[in-house]
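Peer 1: First the structure, then my questions, so here it is.
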Amino acid sequence: MADTTFAYAPAPESRAVVSLRPAYGLFIDGAFTPPTERLITTVNPADEESLAEVSVADEGDVDRAVTAARRAFEQVWSPMPPAERGKYLFRISRIIQERARELAVLESLDNGKPIKESRDVDIPLAAAHFFYYAGWADKLAHAGFGAAPRPLGVAAQVIPWNFPLLMLAWKIAPALATGNTVVLKPAETTPLTALLFAEICQQAELPPGVVNIVTGAADTGRALIAHPGTDKVAFTGSTEVGREIARTVAGTRKKLTLELGGKGANIVYDDAPLDQAVEGIVNGIFFNQGHVCCAGSRLLVQESIAEEVLHRLKERVSRLRLGDPLDKNTDIGAINSAEQLARIRALAQTGRDEGSQDWAPDCELPAHGYWFAPTIFTGVTQAHRIAREEIFGPVLSVLTFRTPDEAVEKANNTPYGLSAGVWTEKGSRMLWTAGRLRAGVVWSNTFNKFDPTSPFGGYRESGYGREGGRHGLEAYLDV
Amino acid sequence: MSEFPVPAAARLPVRKTYKLYLGGGFPRSESGRSYPVTSAEGEPLAHAALASRKDARDAVVAARRAFAPWAARTAYNRGQILYRVAEMMEGRRAQFVQETIDAEGLDTARAEEVVSAAVDRWVYYAGWTDKVTQVLGGTNPVSGPYDNRSVPEPTGVVAVLAPPKSPLLGLVSVIAPVIATGNTAVVVASEPHPLPAVTLAEALATSDLPGGVVNILTGRLAELAPPLASHADVNALDLAGAGERAAELEEAAATTLTRVLRPRPSTDWAAAPGLSRITPFLETKTVWHPVGI
Amino acid sequence: MPDTAPAPGLPRATDNASLRAFLHGLPGVDEVGARARAAALATRSLKTTAKAYAIDLAIRMVDLTTLEGADTPGKVRALSAKARRPDPDDRGVPHVAAVCVYPDLVPVAVDALRGSPVAVASVATAFPAGRAPLEAKLADTRQAVADGADEIDMVIDRGAFLAGDYRKVHEEIVAVREACARPGGEPAHLKVILETGELAAYDNVRRASWLAMLAGADFIKTSTGKVNPAATLPVTLVMLEAVRDFRAATGRQVGVKPAGGIRTTKDALRHLVLVNETTGPDWLDPSWFRLGASSLLNDLLMQRTRLATGTYPGPDHYTLD
């Protein structure tokens with residue numbers, strides 16, 4: 001049957017490339033344990049269908065993982081010539097590249113993100129991260145941390161569900177390159193690519209115990225963070241949990257790095273390259289359904305062009321395609337979990353209750369699964385909760401400003417300090433603004449760009465420590 | 001007034017009142033309290049202001065107000081001012097030596113060494129101000145058409161608990177690295193030996209250092225440290241002088257994700273510090289910009 | 001000049017200062033961002049029925065072109081036959097939009113296409129360099145129109161544009177537009193070739209697009225095909241943004257024609273995706289979007305057959321011209 005208008009027919013990526021086990025054990029000391037008695041089900045957020053069951057590690061399991069990591073640290077990994085350590089990481093990077101499509105499909109199934117993002121962003125960046133840090137392994141003497149910087153030992157790492165494999169790479173690659181061993185807990189709702197990564201470790205013949213993956217929920221994370229046998233804690237997630245972890249770690253010898261929440265301001269001056277700015281606004285808040293700690297969730301637009309920018313923005317958002325994450329033409333996928341969807345809905349309701357006006361394009365939400373239409377709130381002031389609290393969803397709050405001073409003041413008027421955007425064609429104004437923003441990453445005339453060589457991390461309550469680049473080594477060295 | 005010996009000379013010397021250093025001024029504690037300070041041998045020396053929690057909060061306000069303009073000074077200018085502090089200390093050398101003898105019970109030669117080291121420490125950090133950015137920052141070769149740079153920036157207001165047993169050299173060693181990079185400081189001086197800190201404040205006040213960049217509180221660590229550690233407008237905490245309270249203060253700081261520099265078991269304040277006290281009070285800011293025509 | 005009075009926000013006068021102030025006041029184009037947007041849209045996937053529709057639409061949008069020094073009447077007649085019926089074996093294949101030739105071959109094309117819906121387009125104004133006195137350019141145009149050309153593809157004076165003489169560029173377009181008039185009939189449609197490969201920057205592509213539209217262009221066209229790079233996705237994107245914004249500002253819709261370098265079905269479909277996502281479906285019609293090409297047509301026909309039959313035919317199953 002021929003179409004009579006220009007349209008995109010469904011273009012789903014095949015699921016066949018992924019083979020899932022019905023139930024997964026824990027990855028400890030180089031091998032999978034039998035599945036634990038208690039199991040949690042991980043579902044596809046796009047249709048709520050069960051994907052697999054994964055184990056729930058208890059304190060005993062965590063202890064076994066830490067013990068394995070300690071043994072591997074002392075007997076194998078730390079004594080190994082650094083160049084050889086690096087070669088394992090290069091090998092892992094290559095296997096990720098080889099199995100990229102499989103990882104991308106699995107990530108989209110478990111997380112709900114569009115395949116074009118897992119395929120073009122998450123997985124290639126994860127591979128690049130391992131490749132980058134692999135090269136550091138035998139060059140640490142040149143990194144500016146002394147002639148022979150020592151690893152810390154065993155690292156406890158807890159990662160979130162928004163970029164499952166990429167956050168794993170951000171954690172594991174620098175830890176291993178510097179000679180540490182790790183016990184990593186993936187998020188409760190997105191454990192599957194971490195478990196596939198465990199298989200990749202086996203395929204790479206990584207010595208047992210160097211990488212251990214323990215799945216579970218918050219209790220497993222607490223047990224891992226509190227375990228006295230680790231030397232380092234690295235966490236990416238909410239600021240609330242970050243505070244709890246900082247309290248737990250206080251008074252111990254453990255080194256701590258935290259990558260937490262944000263409420264990034266995206267400042268659009270009246271001389272901005274408007275079409276690219278609109279793209280940047282869309283990318284800033286709707287990339288990965290807004291499940292991005294560094295999202296540009298507050299649009300600060302100069303009053304003189306606010307109307308025009310909003311008009312263009314709404315036109316553009318109306319063209320976003322929401323739906324099946326595995327469809328190659330999908331721009332907006334599913335919200336990761338029922339819990340997160342409820343939180344987004346509640347905060348959006350707060351926005352309406354506080355008097356902001358919401359707008360969303362006509363877009364049909366699938367009947368099953370967790371979905372939230374891309375939404376723009378106007379008439380927002382700094383006092384509104386939707387301008388202050390991290391929503392972690394596809395919800396943009398629009399505020400206006402009159403002068404550069406006011407833009408910077410409003411941008412900094414938050415306890416967070418992770419990211420910010422600046423749009424202007426005037427170089428000196430860009431530098432002036434970037435210099436005054438209290439944020440760890442400033443994207444000017446672009447947004448949501450990441451690179452293994454580029455340090456990433458927050459000011460203030462967005463956490464401390466940096467991941468990426470030479471700076472990212474410090475978190476795993478005794479300096 | 002049996003507490004202080006009556007001087008033998010015919011002329012009655014004018015004694016110094018030891019006050020707080022806050023926002024560039026020298027107020028008494030708003031609480032009106034003071035506490036007696038004795039020498040290492042237990043001889044009464046003077047009364048020092050006993051700062052209150054309110055004084056601590058006022059100090060944070062002063063430090064916050066001073067932060068943006070201080071951070072915006074050129075690194076060269078900050079270096080000049082830190083060097084000026086060294087000059088001012090040198091001019092008050094005799095006083096610092098005497099106070100060091102009194103406080104630490106050292107002989108004159110040893111006290112001279114301590115004062116020299118303290119003066120030299122300012123010179124050392126004066127030289128760091130315009131080197132840090134190049135040493136710790138740089139260009140990142142990202143895989144794409146972007147200019148990508150990372151620069152170190154001061155974290156903001158730093159609460160500094162000065163080491164109690166090294167009231168001059170230790171004090172200078174914890175203040176100078178904090179302010180060299182553009183942070184401002186709220187300092188709790190050595191509780192038993194606060195007098196060198198007040199004299200240092202007098203040197204700071206005459207060094208072109210803007211008011212509020214360094215604020216010095218004298219008083220009880222137990223009273224002043226907890227509100228500073230949990231203060232939401234304090235960005236970082238140097239626990240050098242926290243002693244056994246370090247863990248509880250670190251926990252208090254966790255609530256607002258305040259950066260914490262833990263105390264090292266035995267710090268030799270005479271040793272060359274390198275960057276070890278500079279980097280904990282810096283953030284890294286990464287800026288991306290497209291490259292095109 | 002456009003028939004309507006300038007809308008608010010448009011330049012009030014056509015002196016160089018006014019034009020310059022207006023064109024340099026347009027929002028800038030960030031090169032990296034524009035390229036990234038075009039690249040992101042290039043990942044759109046068109047399958048099955050959507051692809052079949054898009055291929056036929058692309059065929060209907062083709063300006064089948066021959067612009068060689070060696071062109072002969074025979075060559076133009078063969079091309080015209082192909083334009084009317086691209087695949088002699090399949091009557092379901094639509095005809096292309098136009099045949100595009102040099103001015104002296106217009107009579108041949110008009111003759112060969114008489115009675116068909118395929119339009120005759122002629123390049124004019126000392127194509128491709130445009131380096132001739134204005135009078136020669138106008139004579140070139142008048143002759144082509146008189147010989148029956150439905151559409152005139154003129155080139156702008158890039159030298160004047162790059163020298164900042166916007167008034168001269170504007171005046172020439174206005175003059176050529178006047179030369180397109182046909183006594184007692186519809187004027188020939190004017191397509192203005194910006195030759196973006198010589199404009200150096202996307203900011204200039206946007207400015208030249210607006211300048212041409214302000215001067216009355218019915219279409220803006222990327223390239224002559226004689227300069228590399230010719231039509232690229234980011235250039236077409238910037239021009240589509242310009243016609244979209246121009247319609248919003250003036251109410252007048254202007255067409256876009258990427259030309260040169262579009263050789264494969266994949267290239268053509270990527271352009272259609274750009275149209276769909278930038279200006280929307282109002283431009284997804286041969287009246288508003290054309291693809292200037294020669295070898296593209298055969299690839300479209302091959303892909304069409306493959307989609308219909310599931311087998312990939314060899315190039316020799318299609319006529320060369």
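We label chains A, B, ... in the order they appear in the structure tokens, count residues from 1 in each chain, and number ligands from 1 in the order shown.
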Taking only stretch 162-274 of chain A into account, list the residues labelled strand (DSSP E) by DSSP (computed from the backbone), as a VMD selection string.
Peer 2: chain A and resid 181 to 185 211 to 213 232 to 236 255 to 259 265 to 268
Peer 1: With 6 Å as the limit and counting only C-alpha atoms, what residues in chain B lie close to chain A? Please list them as a short mmCIF file (atom, residue, chain, number, x, y, z; two decimals) with N, CA and C atoms, in the first residue's frame.
Peer 2:
```cif
data_model
loop_
_atom_site.label_atom_id
_atom_site.label_comp_id
_atom_site.auth_asym_id
_atom_site.auth_seq_id
_atom_site.Cartn_x
_atom_site.Cartn_y
_atom_site.Cartn_z
N ASN B 140 41.64 20.41 26.43
CA ASN B 140 41.31 19.00 26.31
C ASN B 140 41.07 18.66 24.85
N VAL B 142 39.26 17.10 22.69
CA VAL B 142 38.03 16.33 22.50
C VAL B 142 37.88 15.90 21.05
N ALA B 247 35.95 13.84 62.56
CA ALA B 247 34.91 12.98 61.97
C ALA B 247 33.54 13.62 62.09
N GLU B 250 33.23 16.52 59.74
CA GLU B 250 33.08 16.06 58.35
C GLU B 250 31.65 15.61 58.10
N GLU B 251 31.08 14.95 59.08
CA GLU B 251 29.70 14.50 58.94
C GLU B 251 28.75 15.70 58.84
N ALA B 254 28.72 17.18 55.49
CA ALA B 254 28.12 16.36 54.43
C ALA B 254 26.76 16.90 54.01
N THR B 255 26.05 17.51 54.94
CA THR B 255 24.68 17.95 54.66
C THR B 255 24.62 18.91 53.49
N LEU B 257 27.19 19.17 51.30
CA LEU B 257 28.23 18.73 50.37
C LEU B 257 29.45 19.65 50.39
N LYS B 285 36.52 24.03 36.16
CA LYS B 285 35.44 24.42 35.24
C LYS B 285 35.87 24.09 33.82
N THR B 286 35.01 23.39 33.12
CA THR B 286 35.30 23.02 31.73
C THR B 286 34.36 23.80 30.81
N VAL B 287 34.93 24.46 29.83
CA VAL B 287 34.13 25.27 28.91
C VAL B 287 34.28 24.73 27.49
N TRP B 288 33.16 24.49 26.86
CA TRP B 288 33.11 24.02 25.47
C TRP B 288 32.68 25.16 24.56
N HIS B 289 33.28 25.22 23.38
CA HIS B 289 32.78 26.15 22.37
C HIS B 289 33.08 25.59 20.99
#
```
Peer 1: Define the interface residues of chain B facing chain C as those within 8 Å, counting only C-alpha atoms, and report them as a list in words.
Peer 2: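 Here they are: Pro145, Pro290, Val291, Gly292 and Ile293 of chain B.
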Peer 1: Go ahead and write the residues just picked, N, CA and C atoms, as an mmCIF file, in the first residue's frame.
Peer 2:
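This is the output file again06.cif:
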```cif
data_model
loop_
_atom_site.group_PDB
_atom_site.id
_atom_site.type_symbol
_atom_site.label_atom_id
_atom_site.label_comp_id
_atom_site.auth_asym_id
_atom_site.auth_seq_id
_atom_site.Cartn_x
_atom_site.Cartn_y
_atom_site.Cartn_z
ATOM 1 N N PRO B 145 34.671 19.125 16.702
ATOM 2 C CA PRO B 145 35.081 20.496 16.370
ATOM 3 C C PRO B 145 34.782 21.478 17.510
ATOM 4 N N PRO B 290 32.122 25.683 20.093
ATOM 5 C CA PRO B 290 32.376 25.172 18.738
ATOM 6 C C PRO B 290 33.473 25.975 18.036
ATOM 7 N N VAL B 291 34.138 25.309 17.115
ATOM 8 C CA VAL B 291 35.134 25.979 16.282
ATOM 9 C C VAL B 291 34.626 25.952 14.846
ATOM 10 N N GLY B 292 34.378 27.090 14.300
ATOM 11 C CA GLY B 292 33.863 27.138 12.929
ATOM 12 C C GLY B 292 33.995 28.539 12.372
ATOM 13 N N ILE B 293 33.464 28.721 11.163
ATOM 14 C CA ILE B 293 33.586 30.053 10.561
ATOM 15 C C ILE B 293 32.207 30.675 10.391
#
```
Peer 1: Which residues are near C:Thr305? Cut-off 12 Å, only C-alpha atoms, ignore same chain within fewer than 2 positions. Put them as a PyMOL selection string.
Peer 2: chain C and resi 51-52+55-56+87+89-90+92-93+298-303+307-315+317-318
Peer 1: Could you save those same residues with N, CA and C atoms as a PDB file, in the first residue's frame?
Peer 2:
```pdb
ATOM      1  N   LYS C  51       9.252   4.943   2.193  1.00  0.00           N
ATOM      2  CA  LYS C  51      10.343   5.102   1.240  1.00  0.00           C
ATOM      3  C   LYS C  51       9.793   5.156  -0.185  1.00  0.00           C
ATOM      4  N   ALA C  52       8.816   4.324  -0.473  1.00  0.00           N
ATOM      5  CA  ALA C  52       8.233   4.288  -1.818  1.00  0.00           C
ATOM      6  C   ALA C  52       7.622   5.652  -2.157  1.00  0.00           C
ATOM      7  N   ILE C  55      10.459   8.224  -2.686  1.00  0.00           N
ATOM      8  CA  ILE C  55      11.190   8.081  -3.956  1.00  0.00           C
ATOM      9  C   ILE C  55      10.393   8.708  -5.097  1.00  0.00           C
ATOM     10  N   ASP C  56       9.097   8.443  -5.134  1.00  0.00           N
ATOM     11  CA  ASP C  56       8.280   9.045  -6.202  1.00  0.00           C
ATOM     12  C   ASP C  56       8.226  10.563  -6.065  1.00  0.00           C
ATOM     13  N   ASP C  87      10.953   5.886 -16.811  1.00  0.00           N
ATOM     14  CA  ASP C  87      11.145   4.458 -17.016  1.00  0.00           C
ATOM     15  C   ASP C  87      10.141   3.993 -18.057  1.00  0.00           C
ATOM     16  N   ASP C  89       9.520   1.264 -19.172  1.00  0.00           N
ATOM     17  CA  ASP C  89       8.875  -0.016 -18.879  1.00  0.00           C
ATOM     18  C   ASP C  89       7.818   0.096 -17.788  1.00  0.00           C
ATOM     19  N   ASP C  90       7.753   1.240 -17.140  1.00  0.00           N
ATOM     20  CA  ASP C  90       6.843   1.349 -15.988  1.00  0.00           C
ATOM     21  C   ASP C  90       6.112   2.683 -16.038  1.00  0.00           C
ATOM     22  N   GLY C  92       3.952   3.689 -14.182  1.00  0.00           N
ATOM     23  CA  GLY C  92       3.630   4.212 -12.851  1.00  0.00           C
ATOM     24  C   GLY C  92       4.650   5.218 -12.352  1.00  0.00           C
ATOM     25  N   VAL C  93       5.773   5.294 -13.054  1.00  0.00           N
ATOM     26  CA  VAL C  93       6.804   6.234 -12.605  1.00  0.00           C
ATOM     27  C   VAL C  93       6.408   7.651 -13.014  1.00  0.00           C
ATOM     28  N   ASN C 298      18.472   7.994 -12.260  1.00  0.00           N
ATOM     29  CA  ASN C 298      18.598   6.551 -12.450  1.00  0.00           C
ATOM     30  C   ASN C 298      18.714   5.805 -11.134  1.00  0.00           C
ATOM     31  N   ASP C 299      19.368   6.423 -10.153  1.00  0.00           N
ATOM     32  CA  ASP C 299      19.462   5.736  -8.856  1.00  0.00           C
ATOM     33  C   ASP C 299      18.093   5.664  -8.196  1.00  0.00           C
ATOM     34  N   LEU C 300      17.320   6.738  -8.350  1.00  0.00           N
ATOM     35  CA  LEU C 300      15.960   6.710  -7.797  1.00  0.00           C
ATOM     36  C   LEU C 300      15.145   5.592  -8.467  1.00  0.00           C
ATOM     37  N   LEU C 301      15.324   5.442  -9.775  1.00  0.00           N
ATOM     38  CA  LEU C 301      14.572   4.407 -10.484  1.00  0.00           C
ATOM     39  C   LEU C 301      14.996   3.016 -10.035  1.00  0.00           C
ATOM     40  N   MET C 302      16.302   2.842  -9.845  1.00  0.00           N
ATOM     41  CA  MET C 302      16.789   1.533  -9.391  1.00  0.00           C
ATOM     42  C   MET C 302      16.247   1.201  -7.999  1.00  0.00           C
ATOM     43  N   GLN C 303      16.289   2.183  -7.105  1.00  0.00           N
ATOM     44  CA  GLN C 303      15.787   1.932  -5.759  1.00  0.00           C
ATOM     45  C   GLN C 303      14.287   1.674  -5.781  1.00  0.00           C
ATOM     46  N   LEU C 307      12.618  -1.737  -4.381  1.00  0.00           N
ATOM     47  CA  LEU C 307      11.599  -1.711  -3.338  1.00  0.00           C
ATOM     48  C   LEU C 307      10.354  -2.471  -3.785  1.00  0.00           C
ATOM     49  N   ALA C 308      10.041  -2.352  -5.098  1.00  0.00           N
ATOM     50  CA  ALA C 308       8.825  -2.989  -5.608  1.00  0.00           C
ATOM     51  C   ALA C 308       9.015  -4.480  -5.818  1.00  0.00           C
ATOM     52  N   THR C 309      10.209  -4.860  -6.289  1.00  0.00           N
ATOM     53  CA  THR C 309      10.403  -6.263  -6.671  1.00  0.00           C
ATOM     54  C   THR C 309      11.277  -7.025  -5.705  1.00  0.00           C
ATOM     55  N   GLY C 310      11.999  -6.323  -4.863  1.00  0.00           N
ATOM     56  CA  GLY C 310      12.896  -6.989  -3.916  1.00  0.00           C
ATOM     57  C   GLY C 310      14.236  -7.339  -4.528  1.00  0.00           C
ATOM     58  N   THR C 311      14.413  -7.126  -5.831  1.00  0.00           N
ATOM     59  CA  THR C 311      15.718  -7.410  -6.426  1.00  0.00           C
ATOM     60  C   THR C 311      16.337  -6.122  -6.923  1.00  0.00           C
ATOM     61  N   TYR C 312      17.669  -6.114  -6.941  1.00  0.00           N
ATOM     62  CA  TYR C 312      18.384  -4.903  -7.293  1.00  0.00           C
ATOM     63  C   TYR C 312      18.763  -4.956  -8.759  1.00  0.00           C
ATOM     64  N   PRO C 313      18.187  -4.082  -9.592  1.00  0.00           N
ATOM     65  CA  PRO C 313      18.478  -4.131 -11.014  1.00  0.00           C
ATOM     66  C   PRO C 313      19.821  -3.480 -11.335  1.00  0.00           C
ATOM     67  N   GLY C 314      20.415  -3.880 -12.416  1.00  0.00           N
ATOM     68  CA  GLY C 314      21.672  -3.271 -12.836  1.00  0.00           C
ATOM     69  C   GLY C 314      21.436  -1.949 -13.533  1.00  0.00           C
ATOM     70  N   PRO C 315      22.461  -1.112 -13.575  1.00  0.00           N
ATOM     71  CA  PRO C 315      22.302   0.206 -14.179  1.00  0.00           C
ATOM     72  C   PRO C 315      21.913   0.163 -15.650  1.00  0.00           C
ATOM     73  N   HIS C 317      19.689  -1.404 -16.999  1.00  0.00           N
ATOM     74  CA  HIS C 317      18.251  -1.499 -17.205  1.00  0.00           C
ATOM     75  C   HIS C 317      17.610  -0.127 -17.367  1.00  0.00           C
ATOM     76  N   TYR C 318      18.398   0.912 -17.189  1.00  0.00           N
ATOM     77  CA  TYR C 318      17.847   2.267 -17.300  1.00  0.00           C
ATOM     78  C   TYR C 318      18.569   3.016 -18.394  1.00  0.00           C
TER      79      TYR C 318
END
```
Peer 1: Which residue out of C:Arg177, C:Lys226, C:Arg91, C:Lys82 has the minimum interatomic distance to C:Phe127 when only C-alpha atoms are used?
Peer 2: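 Among the listed residues, the smallest separation from C:Phe127 belongs to C:Lys226.
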Peer 1: Would you pick out the contacts of A:Gly262 at 7 Å or less, using only C-alpha atoms, so that residues sharing its chain but fewer than 3 positions from it are not included, and give the list as a PyMOL selection string?
Peer 2: chain A and resi 293-294+390+416-418+462
